[in-house]
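> query.txt (compact mmCIF, C-alpha atoms and all ligand atoms) pasted underneath:
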```txt
# COMPACT_ATOMS: atom_id res chain seq x y z
CA MET D 279 -5.64 12.20 -26.50
CA PRO D 280 -5.57 16.00 -26.30
CA GLU D 281 -7.15 17.82 -29.29
CA THR D 282 -4.01 19.91 -29.69
CA LEU D 283 -0.96 17.66 -29.50
CA PRO D 284 1.66 18.85 -26.97
CA ALA D 285 4.74 20.35 -28.61
CA HIS D 286 7.93 22.17 -27.68
CA GLY D 287 10.84 23.23 -29.89
CA ASP D 288 11.70 20.46 -32.33
CA VAL D 289 9.33 17.82 -30.93
CA ARG D 290 5.65 17.01 -30.87
CA LEU D 291 3.97 14.35 -28.74
CA ARG D 292 1.52 12.14 -30.62
CA PRO D 293 -0.06 8.68 -30.36
CA PHE D 294 2.07 5.73 -31.52
CA ASN D 295 1.39 4.07 -34.85
CA ASP D 296 2.78 0.93 -36.50
CA GLY D 297 5.26 3.05 -38.47
CA ASP D 298 7.11 3.61 -35.19
CA ALA D 299 8.18 -0.06 -34.98
CA ALA D 300 11.76 0.41 -36.20
CA MET D 301 12.38 3.22 -33.71
CA LEU D 302 11.07 0.99 -30.89
CA VAL D 303 13.32 -1.89 -32.00
CA ASP D 304 16.24 0.55 -31.70
CA MET D 305 14.99 1.74 -28.29
CA SER D 306 14.83 -1.87 -27.06
CA THR D 307 18.58 -2.34 -27.66
CA ASP D 308 19.34 -0.17 -24.59
CA PRO D 309 19.38 -2.75 -21.76
CA TYR D 310 18.15 -0.13 -19.23
CA VAL D 311 14.93 0.63 -21.11
CA PRO D 312 13.25 -2.79 -20.64
CA LEU D 313 13.92 -2.53 -16.89
CA THR D 314 11.70 0.54 -16.59
CA GLY D 315 8.75 -0.40 -18.79
CA THR D 316 7.11 -3.17 -20.79
CA LEU D 317 9.27 -3.03 -23.93
CA PRO D 318 11.22 -6.32 -24.05
CA PHE D 319 15.02 -6.25 -24.46
CA GLN D 320 15.98 -6.55 -28.16
CA ALA D 321 12.31 -6.73 -29.11
CA THR D 322 11.09 -8.43 -32.27
CA HIS D 323 8.80 -6.69 -34.75
CA ASP D 324 5.79 -8.52 -33.28
CA GLU D 325 6.81 -7.53 -29.75
CA VAL D 326 7.00 -3.84 -30.62
CA LEU D 327 3.59 -4.02 -32.34
CA ALA D 328 2.19 -5.53 -29.11
CA TYR D 329 3.92 -2.71 -27.18
CA ILE D 330 2.22 -0.14 -29.43
CA ARG D 331 -1.19 -1.77 -28.75
CA ARG D 332 -0.49 -1.55 -25.01
CA GLN D 333 0.32 2.17 -25.30
CA HIS D 334 -3.02 2.75 -27.03
CA GLY D 335 -4.72 1.02 -24.10
CA ARG D 336 -3.07 3.19 -21.42
CA LEU D 337 -5.64 5.96 -21.63
CA HIS D 338 -8.68 3.64 -21.75
CA THR D 339 -7.53 1.82 -18.62
CA GLY D 340 -6.97 5.12 -16.77
CA TYR D 341 -3.25 4.34 -16.47
CA GLY D 342 -2.24 7.57 -18.17
CA TYR D 343 -0.95 9.04 -21.42
CA SER D 344 1.77 7.35 -23.46
CA PHE D 345 3.10 9.51 -26.28
CA CYS D 346 5.52 8.94 -29.09
CA ILE D 347 8.09 11.76 -29.15
CA ALA D 348 8.17 12.77 -32.82
CA ASP D 349 10.07 15.31 -34.91
CA ALA D 350 7.70 18.29 -35.14
CA ARG D 351 8.62 18.90 -38.78
CA THR D 352 9.03 15.42 -40.31
CA ASP D 353 7.04 13.28 -37.81
CA GLU D 354 10.01 10.89 -37.50
CA PRO D 355 9.62 8.89 -34.25
CA LEU D 356 12.34 9.64 -31.71
CA GLY D 357 11.28 8.17 -28.37
CA GLN D 358 8.55 7.72 -25.80
CA THR D 359 7.22 9.79 -22.92
CA GLY D 360 4.42 9.11 -20.49
CA LEU D 361 2.29 10.87 -17.91
CA TRP D 362 1.02 8.32 -15.41
CA LEU D 363 -2.08 9.05 -13.39
CA ALA D 364 -2.26 6.42 -10.62
CA SER D 365 -2.31 9.20 -7.97
CA ILE D 366 -4.52 11.70 -9.81
CA ASP D 367 -7.02 11.60 -6.92
CA GLN D 368 -4.25 13.26 -4.87
CA GLY D 369 -3.50 15.77 -7.65
CA ARG D 370 -0.24 14.04 -8.59
CA ALA D 371 1.18 12.39 -11.70
CA THR D 372 4.46 10.70 -12.55
CA ALA D 373 6.36 11.28 -15.79
CA GLY D 374 8.94 9.25 -17.68
CA TYR D 375 10.88 9.55 -20.93
CA CYS D 376 13.18 7.65 -23.21
CA VAL D 377 14.92 8.60 -26.46
CA ALA D 378 15.95 5.94 -29.00
CA PRO D 379 19.77 5.51 -28.94
CA ARG D 380 20.14 6.73 -32.54
CA SER D 381 18.47 10.07 -31.63
CA ARG D 382 20.25 10.87 -28.36
CA GLY D 383 22.59 13.77 -27.74
CA ARG D 384 20.26 16.49 -29.09
CA GLY D 385 18.40 17.39 -25.90
CA LEU D 386 15.18 15.86 -27.22
CA ALA D 387 14.05 14.40 -23.89
CA GLY D 388 14.18 17.87 -22.34
CA GLN D 389 12.00 19.29 -25.08
CA ALA D 390 9.57 16.37 -24.74
CA LEU D 391 9.44 16.86 -20.96
CA ARG D 392 8.64 20.54 -21.38
CA ALA D 393 5.81 19.68 -23.80
CA LEU D 394 4.52 16.97 -21.46
CA THR D 395 4.63 19.23 -18.41
CA SER D 396 2.77 22.07 -20.18
CA PHE D 397 0.15 19.51 -21.20
CA ALA D 398 -0.03 18.24 -17.59
CA TRP D 399 -1.14 21.66 -16.37
CA THR D 400 -4.16 21.51 -18.69
CA ILE D 401 -5.46 18.47 -16.77
CA GLU D 402 -8.02 19.44 -14.18
CA ASP D 403 -7.01 18.77 -10.57
CA LEU D 404 -3.38 18.00 -11.41
CA TYR D 405 -0.96 20.05 -9.30
CA ARG D 406 2.27 18.10 -9.19
CA VAL D 407 4.34 15.99 -11.61
CA GLU D 408 7.05 13.74 -10.18
CA LEU D 409 10.14 12.12 -11.73
CA TYR D 410 12.08 9.24 -10.17
CA ILE D 411 15.68 9.12 -11.40
CA GLU D 412 18.53 6.81 -10.45
CA PRO D 413 21.47 8.88 -9.13
CA TRP D 414 23.91 7.61 -11.81
CA ASN D 415 21.61 8.76 -14.63
CA ALA D 416 23.29 12.11 -15.37
CA ALA D 417 21.53 12.61 -18.72
CA SER D 418 18.13 12.20 -17.06
CA VAL D 419 19.10 14.52 -14.17
CA ARG D 420 20.17 17.20 -16.68
CA THR D 421 16.94 16.65 -18.61
CA ALA D 422 14.83 17.12 -15.48
CA GLU D 423 16.68 20.17 -14.22
CA GLY D 424 16.71 21.79 -17.66
CA ALA D 425 12.94 21.43 -17.83
CA GLY D 426 12.52 23.18 -14.48
CA TYR D 427 12.08 20.20 -12.17
CA VAL D 428 13.44 20.62 -8.65
CA ARG D 429 15.31 17.93 -6.71
CA GLU D 430 13.45 17.21 -3.47
CA GLY D 431 15.57 14.41 -2.09
CA CYS D 432 16.97 10.93 -2.42
CA LEU D 433 14.59 8.07 -1.66
CA ARG D 434 16.82 5.31 -0.32
CA SER D 435 16.19 1.72 -1.39
CA HIS D 436 13.05 2.93 -3.12
CA GLN D 437 12.28 0.19 -5.63
CA TRP D 438 13.41 -2.72 -7.74
CA ILE D 439 15.01 -2.05 -11.13
CA GLY D 440 15.49 -5.51 -12.55
CA GLU D 441 17.14 -7.43 -9.74
CA ARG D 442 18.73 -4.37 -8.11
CA ARG D 443 17.24 -2.56 -5.12
CA VAL D 444 17.93 1.09 -6.00
CA ASP D 445 17.86 4.61 -4.60
CA MET D 446 15.84 7.16 -6.54
CA LEU D 447 16.23 10.93 -6.74
CA LEU D 448 12.83 12.56 -6.47
CA TYR D 449 12.29 15.54 -8.76
CA ALA D 450 9.02 17.44 -9.07
CA ALA D 451 7.34 20.33 -10.83
CA VAL D 452 4.30 22.00 -9.29
CA SER D 453 1.66 23.99 -11.10
CA GLY D 454 1.91 27.75 -10.85
CA ALA D 455 5.48 27.67 -9.50
C1 LIG U 501 17.79 10.13 -20.38
C2 LIG U 501 17.61 10.26 -21.90
C3 LIG U 501 16.11 10.28 -22.20
C4 LIG U 501 18.23 11.59 -22.34
O1 LIG U 501 18.22 11.61 -23.76
P1 LIG U 501 18.64 12.93 -24.60
O2 LIG U 501 17.56 13.94 -24.58
O3 LIG U 501 19.12 12.46 -25.91
O4 LIG U 501 19.83 13.48 -23.68
P2 LIG U 501 21.17 14.21 -24.16
O5 LIG U 501 22.21 13.21 -24.56
O6 LIG U 501 20.80 15.27 -25.15
O7 LIG U 501 21.66 14.83 -22.78
C5 LIG U 501 20.85 15.71 -22.00
C6 LIG U 501 21.79 16.51 -21.09
O8 LIG U 501 22.51 15.58 -20.25
C7 LIG U 501 23.91 15.75 -20.45
N1 LIG U 501 24.52 14.43 -20.38
C8 LIG U 501 24.28 13.38 -21.19
N2 LIG U 501 25.03 12.33 -20.80
C9 LIG U 501 25.74 12.74 -19.73
C10 LIG U 501 26.70 12.13 -18.87
N3 LIG U 501 27.04 10.85 -19.04
N4 LIG U 501 27.22 12.86 -17.86
C11 LIG U 501 26.86 14.13 -17.66
N5 LIG U 501 25.93 14.79 -18.43
C12 LIG U 501 25.41 14.09 -19.45
C13 LIG U 501 24.04 16.38 -21.82
O9 LIG U 501 25.26 17.09 -21.95
C14 LIG U 501 22.84 17.29 -21.84
O10 LIG U 501 23.15 18.41 -21.04
P3 LIG U 501 22.61 19.89 -21.38
O11 LIG U 501 21.12 19.84 -21.14
O12 LIG U 501 23.32 20.74 -20.40
O13 LIG U 501 22.96 20.12 -22.81
C15 LIG U 501 18.30 9.08 -22.65
O14 LIG U 501 19.63 8.97 -22.22
C16 LIG U 501 17.60 7.76 -22.47
O15 LIG U 501 16.63 7.47 -23.17
N6 LIG U 501 18.06 6.93 -21.52
C17 LIG U 501 17.46 5.62 -21.24
C18 LIG U 501 16.12 5.77 -20.56
C19 LIG U 501 16.21 6.62 -19.32
O16 LIG U 501 17.19 6.58 -18.59
N7 LIG U 501 15.14 7.39 -19.09
C20 LIG U 501 15.03 8.23 -17.92
C21 LIG U 501 14.63 7.41 -16.75
S1 LIG U 501 14.51 8.45 -15.30
```
What does this structure look like when you write it as structure tokens?

Amino acid sequence: MPETLPAHGDVRLRPFNDGDAAMLVDMSTDPYVPLTGTLPFQATHDEVLAYIRRQHGRLHTGYGYSFCIADARTDEPLGQTGLWLASIDQGRATAGYCVAPRSRGRGLAGQALRALTSFAWTIEDLYRVELYIEPWNAASVRTAEGAGYVREGCLRSHQWIGERRVDMLLYAAVSGA
């Protein structure tokens, strides 16, 4: 984890702890969220604790950084954001974000993405951060564009989301731009 935790506006990005379980239970009630990560749909308390353990392991396995989005003032957990490093040898990373349903509608994902992207540029040999967004996901598109990401195209039939074969909008930010 970075010595100085990434922050922007009202949010700070920090490691998960067991006190974040109730927020993650809330997050798991959105049926889309389990399709894009390892949090089970309508997760039990034990399942969210296992999810938290997996997030702690992300850095050790070289998979990337998984942060809890937290209120910068109160430390209340609000969501999750990640910077994934599978293509770091090519100078690229992928980002993702999710806000718990009870905390949506306040632009928190955009603030978290700005914090995450500023942090990304402190990583040596990282030049480009990509986002993959389904075309219907207007809130995510607004989040990306508000944080300065540029739409580069639509990748047709790009991947599976659950049992659907879906198109993905490709957004990216590049260092120094
Ligand atoms: C995407 C997500 C993180 C955004 O959460 P948030 O920060 O609370 O987003 P907000 O509700 O504040 O909306 C952000 C922007 O989108 C706009 N927006 C939200 N819903 C919208 C809709 N249905 N149509 C058009 N615009 C919409 C808001 O008006 C706001 O615009 P602004 O920046 O101009 O003010 C949240 O919806 C979520 O967690 N979704 C499930 C996981 C997910 O889809 N993650 C992204 C995968 S690519």
> Let me have all residues with an atom within 6 Å of ligand LIG 501 (chain U), counting all atoms listed in the file, laid out as a short mmCIF file (atom, residue, chain, number, x, y, z; two decimals) with C-alpha atoms, keeping the file's coordinate frame.

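See result_2.cif below for the written result:
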```
data_model
loop_
_atom_site.label_atom_id
_atom_site.label_comp_id
_atom_site.auth_asym_id
_atom_site.auth_seq_id
_atom_site.Cartn_x
_atom_site.Cartn_y
_atom_site.Cartn_z
CA VAL D 311 14.93 0.63 -21.11
CA TYR D 375 10.88 9.55 -20.93
CA CYS D 376 13.18 7.65 -23.21
CA VAL D 377 14.92 8.60 -26.46
CA ARG D 382 20.25 10.87 -28.36
CA GLY D 383 22.59 13.77 -27.74
CA ARG D 384 20.26 16.49 -29.09
CA GLY D 385 18.40 17.39 -25.90
CA LEU D 386 15.18 15.86 -27.22
CA ALA D 387 14.05 14.40 -23.89
CA GLY D 388 14.18 17.87 -22.34
CA TYR D 410 12.08 9.24 -10.17
CA ILE D 411 15.68 9.12 -11.40
CA ALA D 416 23.29 12.11 -15.37
CA ALA D 417 21.53 12.61 -18.72
CA SER D 418 18.13 12.20 -17.06
CA ARG D 420 20.17 17.20 -16.68
CA THR D 421 16.94 16.65 -18.61
CA GLY D 424 16.71 21.79 -17.66
#
```
> Put the listed atoms of range 387-405 of chain D in a box along x, y and z with 4 Å added on every side and give me the centre and edge lengths in Å to one decimal, as AutoDock Vina command-line options.

```
--center_x 3.1 --center_y 18.2 --center_z -17.2 --size_x 30.2 --size_y 15.7 --size_z 23.8
```
> Taking into account only C-alpha atoms, which residue in the set D:Leu447, D:Ala378, D:Leu363, D:Ala390 is nearest to Val407 in chain D?
D:Leu363
> Between D:Gly454, D:Gly431, D:Gly357, D:Gly297, which has the minimum distance to Glu412 in chain D (counting all atoms listed in the file)?
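Among the listed residues, the smallest separation from Glu412 in chain D belongs to D:Gly431.
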> Hey, which of D:Glu423, D:His436, D:Val289, D:Arg336 ends up closest to Glu354 in chain D? Count only C-alpha atoms.
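Counting only C-alpha atoms, the residue closest to Glu354 in chain D is D:Val289.
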> One decimal, in Å: what's the spacing between CA of Gln368 in chain D and CA of Tyr427 in chain D?
19.2 Å
> Between D:Met446, D:Met305, D:Ala398, D:Ile439, which is the closest to Pro318 in chain D once you count only C-alpha atoms?
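Using only C-alpha atoms, Pro318 in chain D sits closest to D:Met305.
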> Work out how far apart CA of Cys346 in chain D and CA of Thr359 in chain D are and give it in Å to one decimal.
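One can read the CA of Cys346 in chain D to CA of Thr359 in chain D distance as 6.5 Å.
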> What is the CA of Asp324 in chain D to CA of Ala350 in chain D distance in Å?
26.9 Å
> Which is closer to Ala450 in chain D than all the others in D:Gln437, D:Thr322, D:Thr282, D:Thr372, using all atoms listed in the file?
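Between D:Gln437, D:Thr322, D:Thr282, D:Thr372, the residue approaching Ala450 in chain D most closely is D:Thr372.
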> D:Gly440, D:Thr307, D:Ala393, D:Ala451: which is nearest Leu409 in chain D, counting all atoms listed in the file?
D:Ala451
> Determine, counting all atoms listed in the file, which protein, DNA and RNA residues have an atom within 6 Å of an atom of Asp445 in chain D; residues of the same chain fewer than 6 positions away are not included. Present the result as a VMD selection string.
chain D and resid 433 to 436
> Which residues come within 8 Å of range 364-367 of chain D, counting all atoms listed in the file, excluding same-chain residues fewer than 4 positions away, as a PyMOL selection string?
chain D and resi 340-342+371+403-404
> Which residues are close to Tyr343 in chain D, i.e. within 6 Å by only C-alpha atoms, leaving aside same-chain residues fewer than 2 positions away? Reply as a ChimeraX atom specification.
/D:337,360-361
